[in-house]
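Structure first, commentary second.
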Amino acid sequence: MRVFLDLKGSVVEETLKRHLESRMKQVQAGAFDVAHRGAAEAVRITKVENAIDLGEYVRGFQVVKVQNGVELRNDAPHAIYVEMGRRPMRPGPPYAPIAAWAQRKLGITDTHRIWAIRNAIHVRGIRPKFIMRRTFRQMQGWFKDEMIRRLRVPLP
């Protein structure tokens with residue numbers, strides 16, 4: 001005697017499909033929540049590191065849904081220099097932004113002192129802050145915890 005369970009085109013197939021879609025929605029929602037938490041943590045680290053001048057870097061954090069997930073990004077023009085720093089002896093940094101920063105942050109208007117700051121950046125570089133890197137490491141743990149929390153809920 002044989003018993004054959006036809007799983008194609010059956011109620012089982014439709015039920016599994018519905019449950020998988022439900023779980024994927026939970027995973028996507030969890031990833032979105034974790035990315036927003038990551039953006040808040042990146043802002044907190046930025047403030048702790050005192051990497052704020054006009055606040056453009058802090059306002060540049062965005063959480064964007066992409067095709068297969070969620071992306072935390074910073075679209076500030078100088079975000080790459082805050083994150084990765086600036087290597088020494090690269091072509092000189094532009095004078096105008098440094099002059100504007102020196103006037104705002106330090107109250108310096110003397111061009112000789114501003115050129116000295118610019119040249120120091122040229123010679124020594126700028127140390128990286130690794131704000132996004134540190135945030136991403138934390139987000140990995142948060143995502144794992146969030147998935148455990150969300151997916152332990154019984155199937156609908």
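Labels for the structure tokens follow display order: chains A, B, ..., residues from 1 in each chain, ligands from 1.
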Taking a cut-off of 12 Å and counting only C-alpha atoms, can you build a table that, for each residue of range 52-144 of chain A near range 14-38 of chain A, reports the nearest atom pair and how far apart they are in Å (one decimal), sorted by chain then residue number, as CSV?
residue,atom,partner,partner_atom,distance
A:Phe61,CA,A:His36,CA,9.5
A:Gln62,CA,A:His36,CA,8.3
A:Val63,CA,A:Ala35,CA,6.3
A:Val64,CA,A:Phe32,CA,8.5
A:Lys65,CA,A:Phe32,CA,7.6
A:Val66,CA,A:Phe32,CA,10.5
A:Gln67,CA,A:Gln28,CA,10.7
A:Asn68,CA,A:Gln28,CA,8.8
A:Gly69,CA,A:Gln28,CA,6.6
A:Val70,CA,A:Phe32,CA,6.0
A:Glu71,CA,A:Ala35,CA,7.1
A:Leu72,CA,A:Ala35,CA,6.0
A:Arg73,CA,A:Ala35,CA,9.6
A:Asn74,CA,A:Gly38,CA,11.8
A:Ile131,CA,A:Gly38,CA,10.4
A:Met132,CA,A:Gly38,CA,8.7
A:Arg133,CA,A:Gly38,CA,10.7
A:Arg134,CA,A:Gly38,CA,9.8
A:Thr135,CA,A:Gly38,CA,6.0
A:Phe136,CA,A:Gly38,CA,7.3
A:Arg137,CA,A:Gly38,CA,9.7
A:Gln138,CA,A:Gly38,CA,7.8
A:Met139,CA,A:Gly38,CA,6.1
A:Gln140,CA,A:Val34,CA,8.8
A:Gly141,CA,A:Val34,CA,9.7
A:Trp142,CA,A:Val34,CA,6.5
A:Phe143,CA,A:Val34,CA,6.1
A:Lys144,CA,A:Gly30,CA,9.6
*Once DSSP has gone over the backbone, tell me which residues of range 28-136 of chain A are in alpha helix (DSSP H), as number ranges by chain.*
A: 28-48, 56-59, 79-84, 95-101, 111-124, 131-136
_So that I can see what lies close to range 99-110 of chain A, please list as a PyMOL selection string the residues with an atom at most 12 Å from it, counting only C-alpha atoms and leaving out residues fewer than 3 positions away in the same chain._
chain A and resi 50-54+93-96+113-118
With N, CA, C and O atoms retained, could you export that selection as a compact mmCIF listing (two decimals), in the first residue's frame?
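Printed below is again_6.txt as written:
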# COMPACT_ATOMS: atom_id res chain seq x y z
N ASN A 50 32.10 64.94 18.90
CA ASN A 50 32.16 66.38 18.61
C ASN A 50 32.50 66.62 17.13
O ASN A 50 33.31 67.48 16.80
N ALA A 51 31.88 65.84 16.26
CA ALA A 51 32.11 65.96 14.82
C ALA A 51 31.03 66.80 14.16
O ALA A 51 30.66 66.57 13.03
N ILE A 52 30.51 67.79 14.89
CA ILE A 52 29.43 68.62 14.37
C ILE A 52 29.91 70.05 14.22
O ILE A 52 30.49 70.62 15.14
N ASP A 53 29.67 70.60 13.05
CA ASP A 53 29.94 72.02 12.82
C ASP A 53 28.61 72.71 12.54
O ASP A 53 28.04 73.34 13.40
N LEU A 54 28.08 72.53 11.36
CA LEU A 54 26.80 73.13 11.00
C LEU A 54 25.63 72.15 11.14
O LEU A 54 24.48 72.52 10.96
N PRO A 93 43.76 70.17 0.86
CA PRO A 93 42.32 70.39 1.02
C PRO A 93 41.97 71.81 0.57
O PRO A 93 42.80 72.71 0.63
N PRO A 94 40.74 72.03 0.13
CA PRO A 94 40.36 73.36 -0.35
C PRO A 94 40.39 74.39 0.77
O PRO A 94 40.00 74.12 1.91
N TYR A 95 40.84 75.59 0.44
CA TYR A 95 41.02 76.65 1.42
C TYR A 95 39.68 77.20 1.92
O TYR A 95 39.51 77.41 3.13
N ALA A 96 38.74 77.47 1.02
CA ALA A 96 37.49 78.16 1.38
C ALA A 96 36.70 77.45 2.49
O ALA A 96 36.30 78.10 3.47
N ARG A 113 47.00 82.08 9.67
CA ARG A 113 46.63 80.99 10.59
C ARG A 113 45.74 79.97 9.89
O ARG A 113 45.86 78.76 10.12
N ILE A 114 44.85 80.45 9.02
CA ILE A 114 43.98 79.53 8.27
C ILE A 114 44.82 78.67 7.32
O ILE A 114 44.61 77.46 7.22
N TRP A 115 45.82 79.27 6.66
CA TRP A 115 46.71 78.50 5.80
C TRP A 115 47.51 77.49 6.63
O TRP A 115 47.78 76.38 6.16
N ALA A 116 47.86 77.86 7.85
CA ALA A 116 48.60 76.93 8.71
C ALA A 116 47.72 75.72 9.04
O ALA A 116 48.20 74.58 9.06
N ILE A 117 46.44 75.95 9.31
CA ILE A 117 45.50 74.85 9.57
C ILE A 117 45.38 73.97 8.33
O ILE A 117 45.46 72.74 8.40
N ARG A 118 45.21 74.61 7.18
CA ARG A 118 45.09 73.87 5.92
C ARG A 118 46.34 73.03 5.66
O ARG A 118 46.24 71.86 5.28
_Residues within 12 Å of Ala79 in chain A, please, as an NGL selection string. Count only C-alpha atoms; anything in the same chain fewer than 2 positions from it doesn't count._
:A and (46 or 51-52 or 55-61 or 73-77 or 81-86 or 128-132)
Could you write those residues out with C-alpha atoms, as a compact mmCIF listing (two decimals), in the first residue's frame?
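Once written, again07.txt looks like this:
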# COMPACT_ATOMS: atom_id res chain seq x y z
CA THR A 46 28.66 62.02 16.13
CA ALA A 51 32.11 65.96 14.82
CA ILE A 52 29.43 68.62 14.37
CA GLY A 55 24.90 69.89 11.57
CA GLU A 56 24.93 68.92 7.88
CA TYR A 57 26.54 65.57 8.65
CA VAL A 58 23.96 64.77 11.34
CA ARG A 59 21.09 65.78 9.03
CA GLY A 60 22.61 63.66 6.25
CA PHE A 61 21.70 60.31 7.84
CA ARG A 73 23.43 56.23 4.40
CA ASN A 74 24.80 59.71 4.86
CA ASP A 75 24.57 62.04 1.88
CA ALA A 76 26.52 64.95 3.37
CA PRO A 77 29.28 65.98 0.94
CA TYR A 81 36.07 62.47 5.26
CA VAL A 82 34.34 62.21 8.64
CA GLU A 83 34.05 58.44 8.29
CA MET A 84 37.33 57.53 6.60
CA GLY A 85 39.51 60.52 7.45
CA ARG A 86 42.01 62.06 5.07
CA PRO A 128 38.89 58.76 10.75
CA LYS A 129 35.91 58.73 13.10
CA PHE A 130 34.44 55.41 11.82
CA ILE A 131 30.95 56.43 12.94
CA MET A 132 29.11 54.33 10.36
